[in-house]
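**Q** Please find input_39.txt (compact mmCIF, C-alpha atoms) on the next line:
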# COMPACT_ATOMS: atom_id res chain seq x y z
CA MET A 1 0.00 0.00 0.00
CA ALA A 2 1.37 3.38 -0.96
CA LEU A 3 0.30 7.00 -1.09
CA THR A 4 0.14 8.01 -4.75
CA LYS A 5 -0.16 11.41 -6.38
CA SER A 6 -3.92 11.07 -6.89
CA GLU A 7 -4.46 9.95 -3.30
CA LEU A 8 -2.33 12.86 -2.10
CA ILE A 9 -4.51 15.24 -4.12
CA GLU A 10 -7.66 13.76 -2.56
CA ARG A 11 -6.29 14.12 0.96
CA ILE A 12 -5.33 17.74 0.46
CA ALA A 13 -8.70 18.49 -1.17
CA ALA A 14 -10.47 16.92 1.81
CA ARG A 15 -8.60 19.18 4.22
CA GLN A 16 -9.69 22.48 2.75
CA THR A 17 -12.84 24.16 1.54
CA GLN A 18 -11.76 27.07 -0.63
CA LEU A 19 -10.30 25.34 -3.65
CA SER A 20 -11.93 22.80 -5.94
CA SER A 21 -10.37 19.35 -6.39
CA LYS A 22 -9.41 20.46 -9.86
CA ASP A 23 -7.44 23.41 -8.43
CA VAL A 24 -5.74 21.15 -5.88
CA GLU A 25 -4.84 18.71 -8.61
CA LEU A 26 -3.31 21.44 -10.72
CA ALA A 27 -1.45 22.86 -7.71
CA VAL A 28 0.05 19.48 -6.72
CA LYS A 29 1.11 18.75 -10.29
CA THR A 30 2.65 22.22 -10.55
CA LEU A 31 4.62 21.70 -7.32
CA ILE A 32 5.99 18.31 -8.38
CA GLU A 33 6.88 19.63 -11.81
CA GLU A 34 8.62 22.64 -10.33
CA MET A 35 10.73 20.42 -8.07
CA ALA A 36 11.66 18.09 -10.94
CA ASP A 37 12.45 21.03 -13.28
CA ASN A 38 14.64 22.57 -10.63
CA LEU A 39 16.73 19.40 -10.19
CA ALA A 40 16.86 18.83 -13.96
CA ASN A 41 18.48 22.27 -14.22
CA GLY A 42 21.10 21.43 -11.66
CA GLY A 43 19.43 23.21 -8.72
CA ARG A 44 18.91 22.35 -5.05
CA ILE A 45 15.65 22.21 -3.08
CA GLU A 46 15.54 23.07 0.62
CA ILE A 47 12.29 22.47 2.51
CA ARG A 48 12.56 23.17 6.21
CA GLY A 49 11.12 20.34 8.30
CA PHE A 50 11.03 18.02 5.32
CA GLY A 51 14.48 17.77 3.80
CA SER A 52 16.73 18.84 0.97
CA PHE A 53 17.28 17.55 -2.54
CA SER A 54 20.56 17.98 -4.35
CA LEU A 55 22.57 16.33 -7.10
CA HIS A 56 25.43 13.97 -6.40
CA PHE A 57 28.10 13.36 -9.00
CA ARG A 58 28.92 9.80 -10.01
CA ALA A 59 32.42 9.54 -11.43
CA PRO A 60 32.97 8.02 -14.88
CA ARG A 61 33.78 4.33 -14.77
CA VAL A 62 34.38 1.36 -16.99
CA GLY A 63 31.38 -0.94 -17.11
CA ARG A 64 30.77 -4.20 -18.87
CA ASN A 65 28.18 -5.35 -21.30
CA PRO A 66 26.72 -8.33 -19.42
CA LYS A 67 25.98 -10.21 -22.66
CA THR A 68 29.27 -9.87 -24.51
CA GLY A 69 31.61 -9.11 -21.62
CA ALA A 70 33.02 -6.18 -23.62
CA SER A 71 34.04 -3.19 -21.52
CA VAL A 72 32.24 0.10 -22.07
CA GLU A 73 33.20 3.54 -20.86
CA LEU A 74 30.43 5.05 -18.77
CA HIS A 75 30.29 8.82 -18.51
CA GLY A 76 30.22 10.63 -15.20
CA LYS A 77 26.68 11.66 -14.31
CA TYR A 78 24.55 13.39 -11.74
CA VAL A 79 21.96 11.58 -9.65
CA PRO A 80 19.26 13.13 -7.43
CA HIS A 81 19.85 12.79 -3.69
CA PHE A 82 17.47 13.41 -0.75
CA LYS A 83 18.49 14.16 2.81
CA PRO A 84 15.56 14.03 5.25
CA GLY A 85 15.18 17.04 7.54
CA LYS A 86 15.11 16.94 11.32
CA GLU A 87 11.33 17.04 11.79
CA LEU A 88 10.72 14.27 9.24
CA ARG A 89 13.47 12.10 10.74
CA GLU A 90 12.16 12.53 14.24
CA ARG A 91 8.49 11.97 13.44
CA VAL A 92 9.12 8.82 11.42
CA ASN A 93 11.45 7.41 14.03
CA ALA A 94 9.14 8.24 16.96
CA ALA A 95 6.30 6.48 15.12
CA MET A 96 8.40 3.32 14.84
CA HIS A 97 9.13 3.35 18.56
CA ARG A 98 5.42 3.83 19.35
CA GLU A 99 4.57 0.88 17.09
CA LYS A 100 7.16 -1.39 18.59
CA GLY A 101 6.05 -0.29 22.00
CA GLY A 102 8.39 0.53 24.82
CA ASP A 103 11.59 -1.18 23.66
CA GLU A 104 13.16 2.27 23.58
CA GLY A 105 12.89 2.57 27.31
CA LYS A 106 14.91 -0.59 28.01
CA SER A 107 18.60 -0.58 28.72
CA ASP A 108 20.98 -2.01 26.12
CA LYS A 109 21.59 -5.00 28.37
CA GLN A 110 17.89 -5.83 28.58
CA ARG A 111 17.58 -5.49 24.81
CA GLU A 112 20.58 -7.72 24.28
CA SER A 113 19.35 -10.49 26.55
CA ALA A 114 15.89 -10.36 24.99
CA ARG A 115 17.49 -10.92 21.59
CA SER A 116 20.15 -13.47 22.32
CA PRO A 117 19.35 -17.10 21.46
CA SER A 118 20.54 -18.44 24.80
CA ALA A 119 18.05 -16.23 26.62
CA SER A 120 15.15 -17.40 24.49
CA ALA A 121 16.25 -21.01 24.78
CA GLY A 122 16.21 -20.62 28.54
CA MET A 123 12.65 -19.40 28.42
CA LEU A 124 11.34 -22.31 26.40
CA MET B 1 21.52 30.05 -8.05
CA GLY B 2 19.83 29.81 -4.65
CA ALA B 3 17.95 26.71 -3.54
CA LEU B 4 14.23 26.33 -4.24
CA THR B 5 12.23 26.95 -1.04
CA LYS B 6 8.61 26.73 0.13
CA ALA B 7 8.32 30.50 -0.40
CA ASP B 8 9.38 30.13 -4.05
CA MET B 9 6.90 27.31 -4.56
CA ALA B 10 4.04 29.34 -3.04
CA GLU B 11 4.99 32.29 -5.23
CA ARG B 12 4.69 30.08 -8.29
CA LEU B 13 1.17 28.94 -7.31
CA PHE B 14 0.22 32.58 -6.82
CA GLU B 15 1.62 33.70 -10.17
CA GLU B 16 0.73 30.75 -12.32
CA LEU B 17 -2.54 29.43 -10.87
CA GLY B 18 -3.89 32.60 -9.32
CA LEU B 19 -4.21 31.20 -5.79
CA ASN B 20 -4.11 34.03 -3.27
CA LYS B 21 -0.96 34.30 -1.17
CA ARG B 22 -2.47 32.62 1.87
CA GLU B 23 -3.96 29.74 -0.14
CA ALA B 24 -0.68 29.26 -1.95
CA LYS B 25 1.29 29.12 1.29
CA GLU B 26 -1.18 26.67 2.85
CA MET B 27 -1.13 24.48 -0.24
CA VAL B 28 2.64 24.10 -0.09
CA GLU B 29 2.47 23.33 3.65
CA MET B 30 -0.24 20.71 3.15
CA PHE B 31 1.64 19.10 0.30
CA PHE B 32 4.68 18.36 2.46
CA GLU B 33 2.64 17.66 5.59
CA GLU B 34 0.56 14.96 3.88
CA ILE B 35 3.74 13.29 2.67
CA ARG B 36 5.19 13.42 6.20
CA ARG B 37 1.98 11.97 7.68
CA SER B 38 2.01 9.08 5.27
CA LEU B 39 5.64 8.30 6.08
CA GLU B 40 4.90 8.65 9.78
CA ASP B 41 2.18 6.07 9.16
CA ASN B 42 4.84 3.76 7.68
CA THR B 43 3.31 4.13 4.20
CA GLN B 44 5.54 4.63 1.18
CA VAL B 45 4.83 7.69 -1.04
CA LYS B 46 4.95 7.35 -4.84
CA LEU B 47 4.97 10.52 -6.92
CA SER B 48 5.06 9.66 -10.61
CA GLY B 49 7.40 11.89 -12.60
CA PHE B 50 9.45 12.49 -9.46
CA GLY B 51 10.20 9.49 -7.29
CA ASN B 52 9.32 7.30 -4.29
CA PHE B 53 9.86 7.95 -0.62
CA ASP B 54 10.47 4.60 1.07
CA LEU B 55 10.92 3.56 4.70
CA ARG B 56 13.53 1.27 6.10
CA ASP B 57 13.86 -0.11 9.62
CA LYS B 58 17.44 -0.35 10.82
CA SER B 59 18.44 -2.44 13.79
CA GLU B 60 20.85 -1.27 16.43
CA ARG B 61 24.52 -1.32 15.45
CA PRO B 62 27.78 -0.48 17.17
CA GLY B 63 28.99 3.09 16.81
CA ARG B 64 31.59 5.40 18.22
CA ASN B 65 31.70 9.00 19.35
CA PRO B 66 34.14 10.45 16.80
CA LYS B 67 35.43 13.03 19.27
CA THR B 68 36.08 10.87 22.32
CA GLY B 69 36.42 7.46 20.67
CA GLU B 70 33.93 6.14 23.20
CA GLU B 71 31.79 3.21 22.02
CA ILE B 72 28.08 4.01 21.92
CA PRO B 73 25.47 1.91 20.16
CA ILE B 74 23.54 3.52 17.31
CA THR B 75 19.98 2.78 18.33
CA ALA B 76 17.40 1.02 16.17
CA ARG B 77 15.61 3.49 13.95
CA ARG B 78 13.34 3.98 10.96
CA VAL B 79 14.71 6.08 8.12
CA VAL B 80 13.27 7.65 4.97
CA THR B 81 15.01 7.00 1.66
CA PHE B 82 14.27 8.58 -1.70
CA ARG B 83 14.40 6.65 -4.95
CA PRO B 84 14.21 9.00 -7.92
CA GLY B 85 11.94 7.84 -10.74
CA GLN B 86 13.29 6.84 -14.15
CA LYS B 87 12.10 10.07 -15.73
CA LEU B 88 13.74 12.30 -13.13
CA LYS B 89 16.99 10.31 -13.30
CA GLN B 90 17.11 10.70 -17.07
CA ARG B 91 16.39 14.43 -16.88
CA VAL B 92 19.10 14.98 -14.27
CA GLU B 93 21.60 12.93 -16.25
CA ALA B 94 20.85 14.98 -19.35
CA TYR B 95 21.73 18.10 -17.41
CA ALA B 96 25.22 16.76 -16.69
CA GLY B 97 25.73 16.27 -20.42
CA THR B 98 24.99 19.89 -21.28
CA LYS B 99 26.92 21.51 -18.47
Using the file provided, produce a representation of the structure as structure tokens.

**A**
Amino acid sequence: MALTKSELIERIAARQTQLSSKDVELAVKTLIEEMADNLANGGRIEIRGFGSFSLHFRAPRVGRNPKTGASVELHGKYVPHFKPGKELRERVNAAMHREKGGDEGKSDKQRESARSPSASAGML
Amino acid sequence: MGALTKADMAERLFEELGLNKREAKEMVEMFFEEIRRSLEDNTQVKLSGFGNFDLRDKSERPGRNPKTGEEIPITARRVVTFRPGQKLKQRVEAYAGTK
């Protein structure tokens, strides 16, 4: 299960009264396009509380054609990179600890003994 | 060139779609907030034409304080990763070629 663009549009539309779904759809598509255009032109994106997008350079290298085994020169290239911001990191991580319930509060020793095979064997 | 920010994105919605300034600002906020909520809910986000935000659970691993050299475990955590879509990857690669 994943949140897709159309589902995202529906959720935003449901949260506000002033704009039509059509307007929300156009707005979301415009935002995504603007972000993609920006990266395609070599730019950075910095969204406080969410994260930043930038380009990382991949050095040229010699690759191989898997069929023939012949070596091919691969050009250096840029790839998009995302670094999550503090708020996103913390919220996602806190949610995991809530789900897994309380393990966070235990000492390392307690965690270790709960995990180790000898401890579980002893309990059986 | 400066980085693209939420203010720039709101400005674009104002100029191009005619949203008023407050609506434009709220729209940008909601866009990122709904993505955060989904990720908080452990649900992957797929934006076609851009990429996917995935979640990965990492177990505890040994670490070290780089300043003191003291051993401290890196606690178990959930992290967000971004996988750019094919289209975005190709567009970004094309940029490198024309630089």

**Q** Which neighbours of A:Phe57 fall inside 7 Å, counting only C-alpha atoms, when residues of the same chain fewer than 6 positions from it are skipped, and could you give them as a list in words?

**A**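 Contacts, in chain order: Lys77, Tyr78 and Val79 of chain A.
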
**Q** Pick from A:Ser6, A:Ser71, A:Gln16, A:Asn93: nearest to chain B, with all atoms listed in the file counted?

**A**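 Under the stated criterion, the closest residue is A:Asn93.
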
**Q** Just the number, please: distance in Å from atom CA of B:Leu88 to atom CA of A:Asn41, one decimal.

**A**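 According to the coordinates, atom CA of B:Leu88 and atom CA of A:Asn41 are separated by 11.1 Å.
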
**Q** Quick check: residues of chain A within 7 Å of chain B, all atoms listed in the file, returned as a count of residues only.

**A** 34

**Q** So how far away is atom CA of B:Arg61 from atom CA of A:Phe53, in Å?

**A**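 Interatomic distance here is 27.1 Å.
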
**Q** Separation of atom CA of B:Pro62 and atom CA of A:Gly101, in Å?

**A** 22.3 Å

**Q** Just need the box for stretch 7-23 of chain B, edges along x, y and z, holding every atom the file lists for it with 4 Å tacked onto each side, so centre and edge lengths in Å to one decimal, as JSON.

**A**
{"center_x": 2.6, "center_y": 30.8, "center_z": -5.2, "size_x": 21.6, "size_y": 15.0, "size_z": 22.2}

**Q** My list of candidates is A:Glu90, A:Glu73, A:Ala14, A:Lys83. Which is closest to A:Leu55 when distances are computed with all atoms listed in the file?

**A**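 Looking at the shortest contact to A:Leu55, the residue is A:Lys83.
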
**Q** Give me stretch 40-58 of chain B with N, CA, C and O atoms filled in, as a short mmCIF file (atom, residue, chain, number, x, y, z; two decimals), in the coordinates of the input.

**A**
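Okay, this is what ended up in result_34.cif:
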data_model
loop_
_atom_site.label_atom_id
_atom_site.label_comp_id
_atom_site.auth_asym_id
_atom_site.auth_seq_id
_atom_site.Cartn_x
_atom_site.Cartn_y
_atom_site.Cartn_z
N GLU B 40 5.03 8.86 8.34
CA GLU B 40 4.90 8.65 9.78
C GLU B 40 4.04 7.41 10.02
O GLU B 40 4.23 6.68 10.98
N ASP B 41 3.11 7.18 9.11
CA ASP B 41 2.18 6.07 9.16
C ASP B 41 2.80 4.80 8.55
O ASP B 41 2.11 3.82 8.29
N ASN B 42 4.08 4.87 8.28
CA ASN B 42 4.84 3.76 7.68
C ASN B 42 4.32 3.39 6.29
O ASN B 42 4.38 2.23 5.88
N THR B 43 3.82 4.37 5.56
CA THR B 43 3.31 4.13 4.20
C THR B 43 4.16 4.88 3.18
O THR B 43 4.31 6.10 3.26
N GLN B 44 4.71 4.12 2.27
CA GLN B 44 5.54 4.63 1.18
C GLN B 44 4.76 5.68 0.37
O GLN B 44 3.54 5.61 0.26
N VAL B 45 5.46 6.66 -0.21
CA VAL B 45 4.83 7.69 -1.04
C VAL B 45 5.41 7.59 -2.45
O VAL B 45 6.62 7.57 -2.63
N LYS B 46 4.51 7.48 -3.44
CA LYS B 46 4.95 7.35 -4.84
C LYS B 46 4.44 8.53 -5.66
O LYS B 46 3.24 8.64 -5.87
N LEU B 47 5.35 9.37 -6.11
CA LEU B 47 4.97 10.52 -6.92
C LEU B 47 5.50 10.31 -8.33
O LEU B 47 6.71 10.46 -8.59
N SER B 48 4.60 9.95 -9.25
CA SER B 48 5.06 9.66 -10.61
C SER B 48 5.64 10.92 -11.24
O SER B 48 5.16 12.02 -11.01
N GLY B 49 6.70 10.76 -12.00
CA GLY B 49 7.40 11.89 -12.60
C GLY B 49 8.45 12.46 -11.67
O GLY B 49 9.25 13.31 -12.06
N PHE B 50 8.46 11.98 -10.41
CA PHE B 50 9.45 12.49 -9.46
C PHE B 50 10.21 11.34 -8.79
O PHE B 50 11.37 11.09 -9.12
N GLY B 51 9.52 10.62 -7.92
CA GLY B 51 10.20 9.49 -7.29
C GLY B 51 9.40 8.94 -6.11
O GLY B 51 8.31 9.42 -5.83
N ASN B 52 9.98 7.95 -5.43
CA ASN B 52 9.32 7.30 -4.29
C ASN B 52 10.06 7.60 -3.00
O ASN B 52 11.29 7.58 -2.96
N PHE B 53 9.29 7.85 -1.96
CA PHE B 53 9.86 7.95 -0.62
C PHE B 53 9.56 6.63 0.08
O PHE B 53 8.40 6.26 0.26
N ASP B 54 10.61 5.91 0.44
CA ASP B 54 10.47 4.60 1.07
C ASP B 54 10.91 4.66 2.53
O ASP B 54 11.59 5.60 2.93
N LEU B 55 10.54 3.63 3.28
CA LEU B 55 10.92 3.56 4.70
C LEU B 55 11.73 2.32 4.94
O LEU B 55 11.47 1.28 4.32
N ARG B 56 12.70 2.43 5.80
CA ARG B 56 13.53 1.27 6.10
C ARG B 56 13.80 1.21 7.61
O ARG B 56 14.19 2.22 8.20
N ASP B 57 13.57 0.05 8.19
CA ASP B 57 13.86 -0.11 9.62
C ASP B 57 15.27 -0.64 9.78
O ASP B 57 15.63 -1.65 9.19
N LYS B 58 16.04 0.05 10.59
CA LYS B 58 17.44 -0.35 10.82
C LYS B 58 17.55 -0.86 12.25
O LYS B 58 17.04 -0.22 13.17
#
